[in-house]
>>> print(open('input_9.cif').read())   # mmCIF, N, CA, C and O atoms
data_entry
#
loop_
_atom_site.label_atom_id
_atom_site.label_comp_id
_atom_site.auth_asym_id
_atom_site.auth_seq_id
_atom_site.Cartn_x
_atom_site.Cartn_y
_atom_site.Cartn_z
N ALA J 28 -17.32 -13.56 -0.04
CA ALA J 28 -17.06 -14.67 0.85
C ALA J 28 -15.59 -15.10 0.78
O ALA J 28 -14.98 -15.42 1.80
N TYR J 29 -15.03 -15.10 -0.45
CA TYR J 29 -13.62 -15.49 -0.58
C TYR J 29 -12.69 -14.47 0.07
O TYR J 29 -11.66 -14.84 0.63
N THR J 30 -13.06 -13.20 0.01
CA THR J 30 -12.24 -12.18 0.67
C THR J 30 -12.24 -12.39 2.17
O THR J 30 -11.19 -12.31 2.82
N LEU J 31 -13.39 -12.67 2.73
CA LEU J 31 -13.48 -12.93 4.17
C LEU J 31 -12.67 -14.17 4.54
O LEU J 31 -11.91 -14.15 5.52
N LEU J 32 -12.79 -15.22 3.75
CA LEU J 32 -12.03 -16.44 4.01
C LEU J 32 -10.53 -16.15 3.94
O LEU J 32 -9.75 -16.60 4.79
N GLY J 33 -10.12 -15.38 2.95
CA GLY J 33 -8.70 -15.02 2.83
C GLY J 33 -8.22 -14.20 4.01
O GLY J 33 -7.11 -14.40 4.51
N THR J 34 -9.06 -13.29 4.48
CA THR J 34 -8.72 -12.48 5.64
C THR J 34 -8.53 -13.34 6.89
O THR J 34 -7.59 -13.15 7.66
N ILE J 35 -9.41 -14.31 7.05
CA ILE J 35 -9.31 -15.22 8.20
C ILE J 35 -8.03 -16.03 8.12
O ILE J 35 -7.29 -16.16 9.10
N HIS J 36 -7.74 -16.60 6.94
CA HIS J 36 -6.50 -17.37 6.76
C HIS J 36 -5.28 -16.50 7.03
O HIS J 36 -4.32 -16.96 7.66
N LEU J 37 -5.31 -15.27 6.56
CA LEU J 37 -4.19 -14.36 6.76
C LEU J 37 -3.97 -14.09 8.25
O LEU J 37 -2.85 -14.12 8.74
N ALA J 38 -5.06 -13.87 8.97
CA ALA J 38 -4.97 -13.61 10.41
C ALA J 38 -4.45 -14.82 11.17
O ALA J 38 -3.78 -14.67 12.19
N GLU J 39 -4.73 -16.01 10.66
CA GLU J 39 -4.26 -17.24 11.30
C GLU J 39 -2.84 -17.60 10.90
O GLU J 39 -2.28 -18.58 11.39
N GLY J 40 -2.27 -16.82 9.98
CA GLY J 40 -0.90 -17.08 9.56
C GLY J 40 -0.78 -18.09 8.44
O GLY J 40 0.31 -18.61 8.20
N HIS J 41 -1.86 -18.38 7.75
CA HIS J 41 -1.86 -19.34 6.64
C HIS J 41 -1.82 -18.58 5.32
O HIS J 41 -2.83 -18.45 4.62
N GLY J 42 -0.63 -18.08 5.00
CA GLY J 42 -0.47 -17.22 3.84
C GLY J 42 -0.85 -17.85 2.52
O GLY J 42 -1.47 -17.21 1.67
N ASP J 43 -0.49 -19.12 2.31
CA ASP J 43 -0.81 -19.78 1.04
C ASP J 43 -2.31 -19.96 0.87
O ASP J 43 -2.85 -19.73 -0.22
N ASP J 44 -2.99 -20.36 1.94
CA ASP J 44 -4.45 -20.51 1.88
C ASP J 44 -5.12 -19.15 1.67
O ASP J 44 -6.10 -19.04 0.93
N ALA J 45 -4.59 -18.13 2.33
CA ALA J 45 -5.13 -16.78 2.16
C ALA J 45 -4.98 -16.31 0.72
O ALA J 45 -5.92 -15.78 0.13
N ALA J 46 -3.80 -16.53 0.15
CA ALA J 46 -3.55 -16.11 -1.23
C ALA J 46 -4.50 -16.81 -2.19
O ALA J 46 -5.04 -16.19 -3.12
N GLU J 47 -4.74 -18.09 -1.99
CA GLU J 47 -5.66 -18.84 -2.86
C GLU J 47 -7.08 -18.28 -2.78
O GLU J 47 -7.73 -18.07 -3.80
N ALA J 48 -7.56 -18.03 -1.58
CA ALA J 48 -8.91 -17.49 -1.42
C ALA J 48 -9.01 -16.09 -2.04
O ALA J 48 -10.00 -15.77 -2.71
N LEU J 49 -7.98 -15.29 -1.84
CA LEU J 49 -8.01 -13.93 -2.37
C LEU J 49 -7.88 -13.92 -3.89
O LEU J 49 -8.48 -13.08 -4.56
N ARG J 50 -7.12 -14.86 -4.45
CA ARG J 50 -7.06 -14.98 -5.91
C ARG J 50 -8.44 -15.29 -6.47
O ARG J 50 -8.85 -14.76 -7.50
N ARG J 51 -9.18 -16.15 -5.79
CA ARG J 51 -10.54 -16.47 -6.23
C ARG J 51 -11.45 -15.25 -6.14
O ARG J 51 -12.27 -15.00 -7.01
N ALA J 52 -11.30 -14.48 -5.07
CA ALA J 52 -12.10 -13.27 -4.92
C ALA J 52 -11.81 -12.29 -6.05
O ALA J 52 -12.73 -11.69 -6.62
N LEU J 53 -10.54 -12.15 -6.40
CA LEU J 53 -10.16 -11.22 -7.46
C LEU J 53 -10.56 -11.74 -8.84
O LEU J 53 -10.77 -10.96 -9.76
N TYR J 54 -10.66 -13.04 -9.00
CA TYR J 54 -11.17 -13.60 -10.26
C TYR J 54 -12.62 -13.17 -10.45
O TYR J 54 -13.03 -12.80 -11.55
N LEU J 55 -13.39 -13.22 -9.37
CA LEU J 55 -14.81 -12.86 -9.43
C LEU J 55 -15.02 -11.35 -9.50
O LEU J 55 -15.98 -10.88 -10.12
N ASP J 56 -14.16 -10.59 -8.85
CA ASP J 56 -14.27 -9.12 -8.85
C ASP J 56 -12.86 -8.53 -8.89
O ASP J 56 -12.26 -8.27 -7.84
N PRO J 57 -12.32 -8.33 -10.10
CA PRO J 57 -10.93 -7.88 -10.24
C PRO J 57 -10.61 -6.54 -9.58
O PRO J 57 -9.44 -6.26 -9.33
N ASP J 58 -11.61 -5.73 -9.28
CA ASP J 58 -11.36 -4.42 -8.68
C ASP J 58 -11.71 -4.36 -7.19
O ASP J 58 -11.84 -3.27 -6.64
N HIS J 59 -11.82 -5.50 -6.54
CA HIS J 59 -12.19 -5.54 -5.12
C HIS J 59 -11.01 -5.04 -4.29
O HIS J 59 -10.00 -5.72 -4.12
N ALA J 60 -11.15 -3.81 -3.78
CA ALA J 60 -10.04 -3.12 -3.11
C ALA J 60 -9.52 -3.88 -1.90
O ALA J 60 -8.30 -3.99 -1.70
N GLU J 61 -10.40 -4.41 -1.08
CA GLU J 61 -9.96 -5.11 0.13
C GLU J 61 -9.13 -6.34 -0.22
O GLU J 61 -8.10 -6.60 0.40
N ALA J 62 -9.57 -7.09 -1.21
CA ALA J 62 -8.82 -8.28 -1.62
C ALA J 62 -7.45 -7.89 -2.17
O ALA J 62 -6.44 -8.54 -1.88
N ILE J 63 -7.40 -6.81 -2.95
CA ILE J 63 -6.13 -6.34 -3.49
C ILE J 63 -5.20 -5.93 -2.35
O ILE J 63 -4.01 -6.27 -2.35
N GLU J 64 -5.74 -5.22 -1.37
CA GLU J 64 -4.92 -4.77 -0.24
C GLU J 64 -4.33 -5.95 0.52
O GLU J 64 -3.16 -5.93 0.91
N HIS J 65 -5.11 -6.98 0.74
CA HIS J 65 -4.60 -8.16 1.44
C HIS J 65 -3.56 -8.90 0.61
O HIS J 65 -2.57 -9.41 1.15
N MET J 66 -3.74 -8.93 -0.71
CA MET J 66 -2.74 -9.56 -1.57
C MET J 66 -1.43 -8.78 -1.53
O MET J 66 -0.36 -9.38 -1.59
N ILE J 67 -1.52 -7.46 -1.40
CA ILE J 67 -0.30 -6.66 -1.27
C ILE J 67 0.46 -7.07 -0.01
O ILE J 67 1.68 -7.26 -0.05
N VAL J 68 -0.26 -7.26 1.08
CA VAL J 68 0.37 -7.69 2.34
C VAL J 68 1.07 -9.04 2.14
O VAL J 68 2.21 -9.23 2.56
N ILE J 69 0.38 -9.97 1.49
CA ILE J 69 0.95 -11.30 1.27
C ILE J 69 2.23 -11.20 0.44
O ILE J 69 3.25 -11.81 0.78
N HIS J 70 2.18 -10.44 -0.65
CA HIS J 70 3.36 -10.32 -1.51
C HIS J 70 4.50 -9.59 -0.79
O HIS J 70 5.67 -9.96 -0.97
N ASP J 71 4.18 -8.59 0.02
CA ASP J 71 5.22 -7.91 0.80
C ASP J 71 5.89 -8.88 1.76
O ASP J 71 7.11 -8.89 1.91
N ARG J 72 5.10 -9.71 2.43
CA ARG J 72 5.66 -10.68 3.38
C ARG J 72 6.55 -11.70 2.69
O ARG J 72 7.51 -12.18 3.28
N LYS J 73 6.20 -12.06 1.44
CA LYS J 73 7.00 -13.03 0.69
C LYS J 73 8.21 -12.39 0.03
O LYS J 73 9.04 -13.08 -0.55
N GLY J 74 8.31 -11.05 0.12
CA GLY J 74 9.43 -10.36 -0.48
C GLY J 74 9.28 -10.13 -1.98
O GLY J 74 10.25 -9.85 -2.67
N ASN J 75 8.06 -10.24 -2.48
CA ASN J 75 7.80 -10.04 -3.90
C ASN J 75 7.36 -8.60 -4.13
O ASN J 75 6.18 -8.30 -4.33
N ALA J 76 8.34 -7.70 -4.12
CA ALA J 76 8.07 -6.26 -4.23
C ALA J 76 7.48 -5.89 -5.58
O ALA J 76 6.65 -4.98 -5.67
N THR J 77 7.86 -6.59 -6.64
CA THR J 77 7.36 -6.28 -7.98
C THR J 77 5.85 -6.51 -8.05
O THR J 77 5.11 -5.65 -8.55
N GLN J 78 5.41 -7.66 -7.57
CA GLN J 78 3.97 -7.96 -7.60
C GLN J 78 3.20 -7.04 -6.66
O GLN J 78 2.11 -6.59 -6.99
N ALA J 79 3.76 -6.73 -5.50
CA ALA J 79 3.10 -5.81 -4.57
C ALA J 79 2.95 -4.43 -5.20
O ALA J 79 1.89 -3.79 -5.07
N ALA J 80 3.97 -3.97 -5.92
CA ALA J 80 3.91 -2.67 -6.57
C ALA J 80 2.85 -2.67 -7.67
O ALA J 80 2.11 -1.69 -7.83
N ALA J 81 2.75 -3.76 -8.41
CA ALA J 81 1.73 -3.86 -9.47
C ALA J 81 0.33 -3.79 -8.87
O ALA J 81 -0.56 -3.14 -9.42
N LEU J 82 0.15 -4.43 -7.74
CA LEU J 82 -1.16 -4.40 -7.08
C LEU J 82 -1.45 -3.00 -6.53
O LEU J 82 -2.61 -2.56 -6.57
N ARG J 83 -0.44 -2.31 -6.04
CA ARG J 83 -0.64 -0.94 -5.56
C ARG J 83 -1.09 -0.03 -6.71
O ARG J 83 -1.97 0.81 -6.54
N ARG J 84 -0.47 -0.20 -7.88
CA ARG J 84 -0.90 0.58 -9.05
C ARG J 84 -2.33 0.23 -9.43
O ARG J 84 -3.11 1.10 -9.81
N ARG J 85 -2.67 -1.03 -9.30
CA ARG J 85 -4.04 -1.48 -9.62
C ARG J 85 -5.07 -0.81 -8.72
O ARG J 85 -6.17 -0.50 -9.16
N LEU J 86 -4.71 -0.57 -7.48
CA LEU J 86 -5.62 0.10 -6.55
C LEU J 86 -5.91 1.54 -6.96
O LEU J 86 -6.99 2.05 -6.69
N THR J 87 -4.94 2.18 -7.59
CA THR J 87 -5.11 3.58 -7.91
C THR J 87 -5.85 3.82 -9.22
O THR J 87 -6.31 4.94 -9.46
N ARG J 88 -5.98 2.81 -10.04
CA ARG J 88 -6.69 3.02 -11.31
C ARG J 88 -8.19 3.02 -11.08
O ARG J 88 -8.70 2.50 -10.09
N LYS J 89 -8.89 3.62 -12.01
CA LYS J 89 -10.34 3.70 -11.89
C LYS J 89 -10.96 2.33 -12.17
O LYS J 89 -10.51 1.62 -13.06
N PRO J 90 -12.02 1.98 -11.45
CA PRO J 90 -12.72 0.73 -11.75
C PRO J 90 -13.34 0.78 -13.14
O PRO J 90 -13.71 1.85 -13.62
N ARG J 91 -13.43 -0.38 -13.74
CA ARG J 91 -14.05 -0.47 -15.05
C ARG J 91 -15.52 -0.13 -14.95
O ARG J 91 -16.18 -0.42 -13.96
N GLU J 92 -16.02 0.48 -15.99
CA GLU J 92 -17.46 0.76 -16.04
C GLU J 92 -18.15 -0.45 -16.63
O GLU J 92 -17.70 -1.01 -17.61
N ASP J 93 -19.24 -0.85 -16.01
CA ASP J 93 -19.99 -1.99 -16.50
C ASP J 93 -20.68 -1.62 -17.81
O ASP J 93 -21.24 -0.55 -17.95
N ALA J 94 -20.63 -2.56 -18.74
CA ALA J 94 -21.33 -2.35 -20.01
C ALA J 94 -22.82 -2.43 -19.76
O ALA J 94 -23.31 -3.24 -19.00
N LYS J 95 -23.54 -1.51 -20.40
CA LYS J 95 -25.00 -1.47 -20.19
C LYS J 95 -25.71 -1.99 -21.37
O LYS J 95 -25.33 -2.04 -22.44
#
>>> encode(input="input_9.cif", output="structure tokens")
Amino acid sequence: AYTLLGTIHLAEGHGDDAAEALRRALYLDPDHAEAIEHMIVIHDRKGNATQAAALRRRLTRKPREDAK
């Protein structure tokens, strides 16, 4: 739900609100690819290349295996 809310805020041009919703989504699911991709867009738009690059690396790593 937070990813969808962030996507809507991003489409409306509300970058700060989008970032907050997407941060919440990533808190709940740190490997959520769509949320990470949208955060990359936000950081690119803000000119924060370092954070965008870190998120790109995060996308390429394997998801954690759930403990059984």
>>> residues_around(input="input_9.cif", residues="Thr34 of chain J", least_positions_apart="4", cutoff="8 Å", atoms="all atoms listed in the file", output="PDB file with N, CA, C and O atoms, in the coordinates of the input")
ATOM      1  N   ALA J  28     -17.320 -13.560  -0.040  1.00  0.00           N
ATOM      2  CA  ALA J  28     -17.060 -14.670   0.850  1.00  0.00           C
ATOM      3  C   ALA J  28     -15.590 -15.100   0.780  1.00  0.00           C
ATOM      4  O   ALA J  28     -14.980 -15.420   1.800  1.00  0.00           O
ATOM      5  N   TYR J  29     -15.030 -15.100  -0.450  1.00  0.00           N
ATOM      6  CA  TYR J  29     -13.620 -15.490  -0.580  1.00  0.00           C
ATOM      7  C   TYR J  29     -12.690 -14.470   0.070  1.00  0.00           C
ATOM      8  O   TYR J  29     -11.660 -14.840   0.630  1.00  0.00           O
ATOM      9  N   THR J  30     -13.060 -13.200   0.010  1.00  0.00           N
ATOM     10  CA  THR J  30     -12.240 -12.180   0.670  1.00  0.00           C
ATOM     11  C   THR J  30     -12.240 -12.390   2.170  1.00  0.00           C
ATOM     12  O   THR J  30     -11.190 -12.310   2.820  1.00  0.00           O
ATOM     13  N   ALA J  38      -5.060 -13.870   8.970  1.00  0.00           N
ATOM     14  CA  ALA J  38      -4.970 -13.610  10.410  1.00  0.00           C
ATOM     15  C   ALA J  38      -4.450 -14.820  11.170  1.00  0.00           C
ATOM     16  O   ALA J  38      -3.780 -14.670  12.190  1.00  0.00           O
ATOM     17  N   GLU J  39      -4.730 -16.010  10.660  1.00  0.00           N
ATOM     18  CA  GLU J  39      -4.260 -17.240  11.300  1.00  0.00           C
ATOM     19  C   GLU J  39      -2.840 -17.600  10.900  1.00  0.00           C
ATOM     20  O   GLU J  39      -2.280 -18.580  11.390  1.00  0.00           O
ATOM     21  N   GLY J  40      -2.270 -16.820   9.980  1.00  0.00           N
ATOM     22  CA  GLY J  40      -0.900 -17.080   9.560  1.00  0.00           C
ATOM     23  C   GLY J  40      -0.780 -18.090   8.440  1.00  0.00           C
ATOM     24  O   GLY J  40       0.310 -18.610   8.200  1.00  0.00           O
ATOM     25  N   HIS J  41      -1.860 -18.380   7.750  1.00  0.00           N
ATOM     26  CA  HIS J  41      -1.860 -19.340   6.640  1.00  0.00           C
ATOM     27  C   HIS J  41      -1.820 -18.580   5.320  1.00  0.00           C
ATOM     28  O   HIS J  41      -2.830 -18.450   4.620  1.00  0.00           O
ATOM     29  N   ASP J  44      -2.990 -20.360   1.940  1.00  0.00           N
ATOM     30  CA  ASP J  44      -4.450 -20.510   1.880  1.00  0.00           C
ATOM     31  C   ASP J  44      -5.120 -19.150   1.670  1.00  0.00           C
ATOM     32  O   ASP J  44      -6.100 -19.040   0.930  1.00  0.00           O
ATOM     33  N   ALA J  45      -4.590 -18.130   2.330  1.00  0.00           N
ATOM     34  CA  ALA J  45      -5.130 -16.780   2.160  1.00  0.00           C
ATOM     35  C   ALA J  45      -4.980 -16.310   0.720  1.00  0.00           C
ATOM     36  O   ALA J  45      -5.920 -15.780   0.130  1.00  0.00           O
ATOM     37  N   ALA J  46      -3.800 -16.530   0.150  1.00  0.00           N
ATOM     38  CA  ALA J  46      -3.550 -16.110  -1.230  1.00  0.00           C
ATOM     39  C   ALA J  46      -4.500 -16.810  -2.190  1.00  0.00           C
ATOM     40  O   ALA J  46      -5.040 -16.190  -3.120  1.00  0.00           O
ATOM     41  N   ALA J  48      -7.560 -18.030  -1.580  1.00  0.00           N
ATOM     42  CA  ALA J  48      -8.910 -17.490  -1.420  1.00  0.00           C
ATOM     43  C   ALA J  48      -9.010 -16.090  -2.040  1.00  0.00           C
ATOM     44  O   ALA J  48     -10.000 -15.770  -2.710  1.00  0.00           O
ATOM     45  N   LEU J  49      -7.980 -15.290  -1.840  1.00  0.00           N
ATOM     46  CA  LEU J  49      -8.010 -13.930  -2.370  1.00  0.00           C
ATOM     47  C   LEU J  49      -7.880 -13.920  -3.890  1.00  0.00           C
ATOM     48  O   LEU J  49      -8.480 -13.080  -4.560  1.00  0.00           O
ATOM     49  N   GLU J  61     -10.400  -4.410  -1.080  1.00  0.00           N
ATOM     50  CA  GLU J  61      -9.960  -5.110   0.130  1.00  0.00           C
ATOM     51  C   GLU J  61      -9.130  -6.340  -0.220  1.00  0.00           C
ATOM     52  O   GLU J  61      -8.100  -6.600   0.400  1.00  0.00           O
ATOM     53  N   ALA J  62      -9.570  -7.090  -1.210  1.00  0.00           N
ATOM     54  CA  ALA J  62      -8.820  -8.280  -1.620  1.00  0.00           C
ATOM     55  C   ALA J  62      -7.450  -7.890  -2.170  1.00  0.00           C
ATOM     56  O   ALA J  62      -6.440  -8.540  -1.880  1.00  0.00           O
ATOM     57  N   HIS J  65      -5.110  -6.980   0.740  1.00  0.00           N
ATOM     58  CA  HIS J  65      -4.600  -8.160   1.440  1.00  0.00           C
ATOM     59  C   HIS J  65      -3.560  -8.900   0.610  1.00  0.00           C
ATOM     60  O   HIS J  65      -2.570  -9.410   1.150  1.00  0.00           O
TER      61      HIS J  65
END
>>> atom_distance(input="input_9.cif", atom1="atom C of Ala80 of chain J", atom2="atom C of Met66 of chain J")
9.7 Å
>>> residues_around(input="input_9.cif", residues="Ile63 of chain J", least_positions_apart="3", cutoff="8 Å", atoms="only N, CA, C and O atoms", output="list of chain:residue names")
J:Leu49, J:Ala52, J:Leu53, J:Asp56, J:Pro57, J:Asp58, J:His59, J:Ala60, J:Met66, J:Ile67, J:Val68, J:Ile69, J:His70, J:Gln78, J:Ala79, J:Leu82, J:Arg83, J:Arg85, J:Leu86
>>> closest_residue(input="input_9.cif", among="J:Thr77, J:Arg84, J:Leu32, J:Glu64", to="Glu47 of chain J", atoms="only C-alpha atoms")
J:Leu32
>>> select_by_dssp(input="input_9.cif", residues="chain J", states="helix (DSSP H, G or I)", output="PyMOL selection string")
chain J and resi 29-38+42-55+60-73+76-87
>>> axis_aligned_box(input="input_9.cif", around="segment 29-34 of chain J", padding_each_side="5 Å", output="lines of an AutoDock Vina configuration file")
center_x = -11.1
center_y = -14.4
center_z = 3.5
size_x = 17.9
size_y = 14.4
size_z = 18.2
>>> closest_residue(input="input_9.cif", among="J:Ala81, J:Gly33, J:Asn75, J:Thr87", to="Arg51 of chain J", atoms="only C-alpha atoms")
J:Gly33
>>> atom_distance(input="input_9.cif", atom1="atom O of Gly74 of chain J", atom2="atom O of Leu55 of chain J")
27.3 Å
>>> atom_distance(input="input_9.cif", atom1="atom N of Arg88 of chain J", atom2="atom CA of Ile35 of chain J")
25.9 Å
>>> build_atoms(input="input_9.cif", residues="segment 52-63 of chain J", atoms="all heavy atoms", output="compact mmCIF listing (two decimals), in the frame of the given file")
# COMPACT_ATOMS: atom_id res chain seq x y z
N ALA J 52 -11.30 -14.48 -5.07
CA ALA J 52 -12.10 -13.27 -4.92
C ALA J 52 -11.81 -12.29 -6.05
O ALA J 52 -12.73 -11.69 -6.62
CB ALA J 52 -11.80 -12.62 -3.56
N LEU J 53 -10.54 -12.15 -6.40
CA LEU J 53 -10.16 -11.22 -7.46
C LEU J 53 -10.56 -11.74 -8.84
O LEU J 53 -10.77 -10.96 -9.76
CB LEU J 53 -8.67 -10.91 -7.40
CG LEU J 53 -8.28 -10.05 -6.20
CD1 LEU J 53 -6.76 -9.96 -6.07
CD2 LEU J 53 -8.91 -8.68 -6.30
N TYR J 54 -10.66 -13.04 -9.00
CA TYR J 54 -11.17 -13.60 -10.26
C TYR J 54 -12.62 -13.17 -10.45
O TYR J 54 -13.03 -12.80 -11.55
CB TYR J 54 -11.06 -15.12 -10.24
CG TYR J 54 -11.72 -15.78 -11.43
CD1 TYR J 54 -11.08 -15.80 -12.66
CD2 TYR J 54 -12.98 -16.35 -11.31
CE1 TYR J 54 -11.69 -16.39 -13.76
CE2 TYR J 54 -13.60 -16.93 -12.41
CZ TYR J 54 -12.94 -16.95 -13.63
OH TYR J 54 -13.55 -17.53 -14.71
N LEU J 55 -13.39 -13.22 -9.37
CA LEU J 55 -14.81 -12.86 -9.43
C LEU J 55 -15.02 -11.35 -9.50
O LEU J 55 -15.98 -10.88 -10.12
CB LEU J 55 -15.55 -13.44 -8.23
CG LEU J 55 -15.58 -14.97 -8.18
CD1 LEU J 55 -16.15 -15.44 -6.84
CD2 LEU J 55 -16.38 -15.53 -9.34
N ASP J 56 -14.16 -10.59 -8.85
CA ASP J 56 -14.27 -9.12 -8.85
C ASP J 56 -12.86 -8.53 -8.89
O ASP J 56 -12.26 -8.27 -7.84
CB ASP J 56 -15.02 -8.65 -7.60
CG ASP J 56 -15.23 -7.15 -7.56
OD1 ASP J 56 -14.82 -6.45 -8.52
OD2 ASP J 56 -15.78 -6.66 -6.56
N PRO J 57 -12.32 -8.33 -10.10
CA PRO J 57 -10.93 -7.88 -10.24
C PRO J 57 -10.61 -6.54 -9.58
O PRO J 57 -9.44 -6.26 -9.33
CB PRO J 57 -10.74 -7.78 -11.76
CG PRO J 57 -11.79 -8.63 -12.34
CD PRO J 57 -12.95 -8.59 -11.38
N ASP J 58 -11.61 -5.73 -9.28
CA ASP J 58 -11.36 -4.42 -8.68
C ASP J 58 -11.71 -4.36 -7.19
O ASP J 58 -11.84 -3.27 -6.64
CB ASP J 58 -12.17 -3.35 -9.44
CG ASP J 58 -11.72 -3.22 -10.88
OD1 ASP J 58 -10.51 -3.27 -11.12
OD2 ASP J 58 -12.58 -3.09 -11.77
N HIS J 59 -11.82 -5.50 -6.54
CA HIS J 59 -12.19 -5.54 -5.12
C HIS J 59 -11.01 -5.04 -4.29
O HIS J 59 -10.00 -5.72 -4.12
CB HIS J 59 -12.57 -6.96 -4.72
CG HIS J 59 -13.25 -7.03 -3.40
ND1 HIS J 59 -12.55 -7.05 -2.22
CD2 HIS J 59 -14.55 -7.06 -3.07
CE1 HIS J 59 -13.40 -7.12 -1.22
NE2 HIS J 59 -14.63 -7.12 -1.71
N ALA J 60 -11.15 -3.81 -3.78
CA ALA J 60 -10.04 -3.12 -3.11
C ALA J 60 -9.52 -3.88 -1.90
O ALA J 60 -8.30 -3.99 -1.70
CB ALA J 60 -10.47 -1.72 -2.71
N GLU J 61 -10.40 -4.41 -1.08
CA GLU J 61 -9.96 -5.11 0.13
C GLU J 61 -9.13 -6.34 -0.22
O GLU J 61 -8.10 -6.60 0.40
CB GLU J 61 -11.16 -5.50 1.00
CG GLU J 61 -10.76 -6.14 2.31
CD GLU J 61 -11.96 -6.51 3.18
OE1 GLU J 61 -13.09 -6.10 2.86
OE2 GLU J 61 -11.74 -7.21 4.17
N ALA J 62 -9.57 -7.09 -1.21
CA ALA J 62 -8.82 -8.28 -1.62
C ALA J 62 -7.45 -7.89 -2.17
O ALA J 62 -6.44 -8.54 -1.88
CB ALA J 62 -9.61 -9.07 -2.66
N ILE J 63 -7.40 -6.81 -2.95
CA ILE J 63 -6.13 -6.34 -3.49
C ILE J 63 -5.20 -5.93 -2.35
O ILE J 63 -4.01 -6.27 -2.35
CB ILE J 63 -6.34 -5.18 -4.48
CG1 ILE J 63 -7.10 -5.66 -5.72
CG2 ILE J 63 -5.00 -4.55 -4.87
CD1 ILE J 63 -7.54 -4.55 -6.65
